[in-house]
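Peer 1: There's a structure below that I have some questions on.
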Amino acid sequence: MSLDAYGWDDRWRGEVEAFLTDEAASDIDSPRPGRVVRHDGAGLMVATEDGVIRAMFGPTVDPAPVVGDWVVLDRVPNPRATLPRRSLLRRRAAGGEGEQAMAANVDVVLIVCGLDRPVRIGRIQRTMTLANDAGAESLVVLTKADLADPTDAARAEMTVAEADPSLAVVTLSARGGWGITDLLDHIGRRTVALIGESGAGKSTLVNTLVNAQVAATGGVREGDAKGRHTTTSRELHLLATGGVLVDTPGIREVGIFADPDAVAETFADVEELATQCRFNDCTHRSEPGCAVTAAVEAGDLAPDRLDRWRVLEAEAEAAAVRADPVAARRRDRQMGRMYRDVLRDKHR
């Protein structure tokens, strides 16, 4: 299998050549490029010109390779370098404060929503923010249309438009086979990543797009249509018509670990209003001359859209602080002083 099928191009070839001219690469025996198709903890599965092979971890590589990365292998084979990424899809680690890399070098994020459950605007906006942070395009995929009433599908498409009027949406039935060609036309030969909650039909969609049974499928609970995780790790697949797809485990909560600019891109209308406020440090709550609150009062901006923007902006700012140890210590000192002041006032 040629590496071209995995997205190999002249730019990646140039990255390899630039790396091999570096003195640090002089001790690598028989270097060759490959793309990470699976990470199972103990090692990597890497697509090379000789096929997909297992690569074990040898010398420390920084950054550590994730699915979608292009790497340079040695003869063993061990990964010896991760080529500079064009994008990195990341989220806040489940149950923690750190960053979790999901996939590298992704061009499009497919936001998968099942029509057998409510389509939540907040979840769409959160996933859009992850895509914006990675510099990737967003595309909403409404699955299980065969199980939904046409009015439900139309209502879901209106919800997507409310999240962002310019956001592309494809409504389809993977089991029925309709809408798939439209989605493949959107994907082309690019690298896409599927993100959606468990039970949204991602595994069935993956099998249909790849035209093979590569992902296990499972049922959903009656009543709330919640599913269990049938995909347990991230894995890269070749699409039947070209292009590359990264399947990811279902996400119950989309935690934001993104640059604040990514939130601004998701809520471009709110950010545009904010530039018109009288004060540069306006918090958009009670300050005079606030263009944002004025838009809410005039009915030009929905209050719940402003609330969702505030929540995501706060999460992104908190992530930025966590990524900066100096800022994190400064914040801890400020919170400590505030706590001591509260206790002192309480006992006066």
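Starting from 1 in every chain, residues are counted up; chains themselves are A, B, ... following the order of the structure tokens, and ligands are numbered from 1 as listed.
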Could you give me, as a PyMOL selection string, the residues within 10 Å of Arg35 in chain A, counting only C-alpha atoms and dropping anything in the same chain fewer than 4 positions from it?
Peer 2: chain A and resi 3+6-8+44-48+52+65-73+82-83+236
Peer 1: Using DSSP on the backbone, list every residue of range 117-286 of chain A that comes out as alpha helix (DSSP H), and give them as a count of residues only.
Peer 2: 59
Peer 1: For range 172-183 of chain A, please output as an MDAnalysis selection string all residues within 9 Å (counting only C-alpha atoms; exclusion window: fewer than 3 positions along the same chain).
Peer 2: chainID A and resid 141:147 186:188 201 204:209
Peer 1: Would you output that residue set with C-alpha atoms, as a short mmCIF file (atom, residue, chain, number, x, y, z; two decimals), in the first residue's frame?
Peer 2:
```
data_model
loop_
_atom_site.label_atom_id
_atom_site.label_comp_id
_atom_site.auth_asym_id
_atom_site.auth_seq_id
_atom_site.Cartn_x
_atom_site.Cartn_y
_atom_site.Cartn_z
CA VAL A 141 -23.39 14.64 10.60
CA LEU A 142 -26.96 13.80 11.68
CA THR A 143 -27.17 9.99 11.78
CA LYS A 144 -30.02 7.49 12.21
CA ALA A 145 -32.34 9.52 10.00
CA ASP A 146 -34.21 6.29 9.23
CA LEU A 147 -35.34 6.22 12.88
CA HIS A 186 -17.54 16.66 1.57
CA ILE A 187 -14.61 14.60 2.86
CA GLY A 188 -12.78 14.15 -0.44
CA GLY A 201 -24.12 5.59 15.31
CA THR A 204 -22.01 1.89 11.89
CA LEU A 205 -21.03 5.03 9.99
CA VAL A 206 -17.34 4.05 10.08
CA ASN A 207 -18.09 0.61 8.67
CA THR A 208 -20.18 2.13 5.88
CA LEU A 209 -17.57 4.74 4.95
#
```
Peer 1: Hey, can you check how far CA of Val108 in chain A sits from CA of Ala268 in chain A?
Peer 2: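 Straight-line distance from CA of Val108 in chain A to CA of Ala268 in chain A works out to 19.4 Å.
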Peer 1: Have a look at A:Ser2, A:Thr159, A:Ser87, A:Thr293 and name the one nearest to Ala193 in chain A; count only C-alpha atoms.
Peer 2: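 When distances to Ala193 in chain A are compared using only C-alpha atoms, the smallest one comes from A:Ser87.
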Peer 1: Write out as a VMD selection string the residues lying within 6 Å of Val106 in chain A, counting only C-alpha atoms and excluding same-chain residues fewer than 2 positions away.
Peer 2: chain A and resid 104 108 191 to 192
Peer 1: Quick one: DSSP strand (DSSP E) residues in range 61-144 of chain A, as a PyMOL selection string?
Peer 2: chain A and resi 70-73+79-82+88-92+99-104+108-114+137-143
Peer 1: Near Asp164 in chain A, counting only C-alpha atoms, which residues have an atom at most 10 Å away, once you skip same-chain residues fewer than 2 positions from it, shown as a list of chain:residue names?
Peer 2: A:Ile121, A:Ile124, A:Gln125, A:Met128, A:Met158, A:Thr159, A:Val160, A:Ala161, A:Glu162, A:Ser166, A:Leu167, A:Ala168, A:Thr266, A:Phe267, A:Ala268, A:Asp269
Peer 1: Deliver the residues from the most recent selection as a file, using C-alpha atoms, as a short mmCIF file (atom, residue, chain, number, x, y, z; two decimals), in the first residue's frame.
Peer 2:
```cif
data_model
loop_
_atom_site.label_atom_id
_atom_site.label_comp_id
_atom_site.auth_asym_id
_atom_site.auth_seq_id
_atom_site.Cartn_x
_atom_site.Cartn_y
_atom_site.Cartn_z
CA ILE A 121 -26.52 22.97 20.57
CA ILE A 124 -22.04 21.13 18.87
CA GLN A 125 -20.48 24.44 19.93
CA MET A 128 -16.64 23.23 17.08
CA MET A 158 -32.42 24.25 12.64
CA THR A 159 -30.49 23.59 15.86
CA VAL A 160 -27.28 23.28 13.84
CA ALA A 161 -28.03 26.56 12.09
CA GLU A 162 -28.57 28.17 15.49
CA SER A 166 -22.51 28.73 8.08
CA LEU A 167 -21.97 25.26 9.55
CA ALA A 168 -22.36 22.49 6.94
CA THR A 266 -17.06 29.67 17.50
CA PHE A 267 -18.94 32.74 18.75
CA ALA A 268 -17.84 35.26 16.14
CA ASP A 269 -21.02 37.34 16.54
#
```
Peer 1: Counting only C-alpha atoms, which residue out of A:Gly58, A:Pro249, A:Pro303, A:Gly199 sits closest to Ala42 in chain A?
Peer 2: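 Closest to Ala42 in chain A, using only C-alpha atoms: A:Gly58.
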Peer 1: Between A:Ala131, A:Val270, A:Met56, A:Ala153, which residue has the minimum interatomic distance to Asp304 in chain A, considering only C-alpha atoms?
Peer 2: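 Closest to Asp304 in chain A of all the choices is A:Val270.
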Peer 1: Which residues are near Thr60 in chain A? Cut-off 10 Å, only C-alpha atoms, ignore same chain within fewer than 5 positions. Put them as a ChimeraX atom specification.
Peer 2: /A:78-81
Peer 1: How would the residues just picked look written out with C-alpha atoms as a short mmCIF file (atom, residue, chain, number, x, y, z; two decimals), in the first residue's frame?
Peer 2:
```
data_model
loop_
_atom_site.label_atom_id
_atom_site.label_comp_id
_atom_site.auth_asym_id
_atom_site.auth_seq_id
_atom_site.Cartn_x
_atom_site.Cartn_y
_atom_site.Cartn_z
CA ASN A 78 11.35 2.41 16.87
CA PRO A 79 9.81 5.85 16.33
CA ARG A 80 12.69 8.34 16.45
CA ALA A 81 10.91 11.59 15.61
#
```
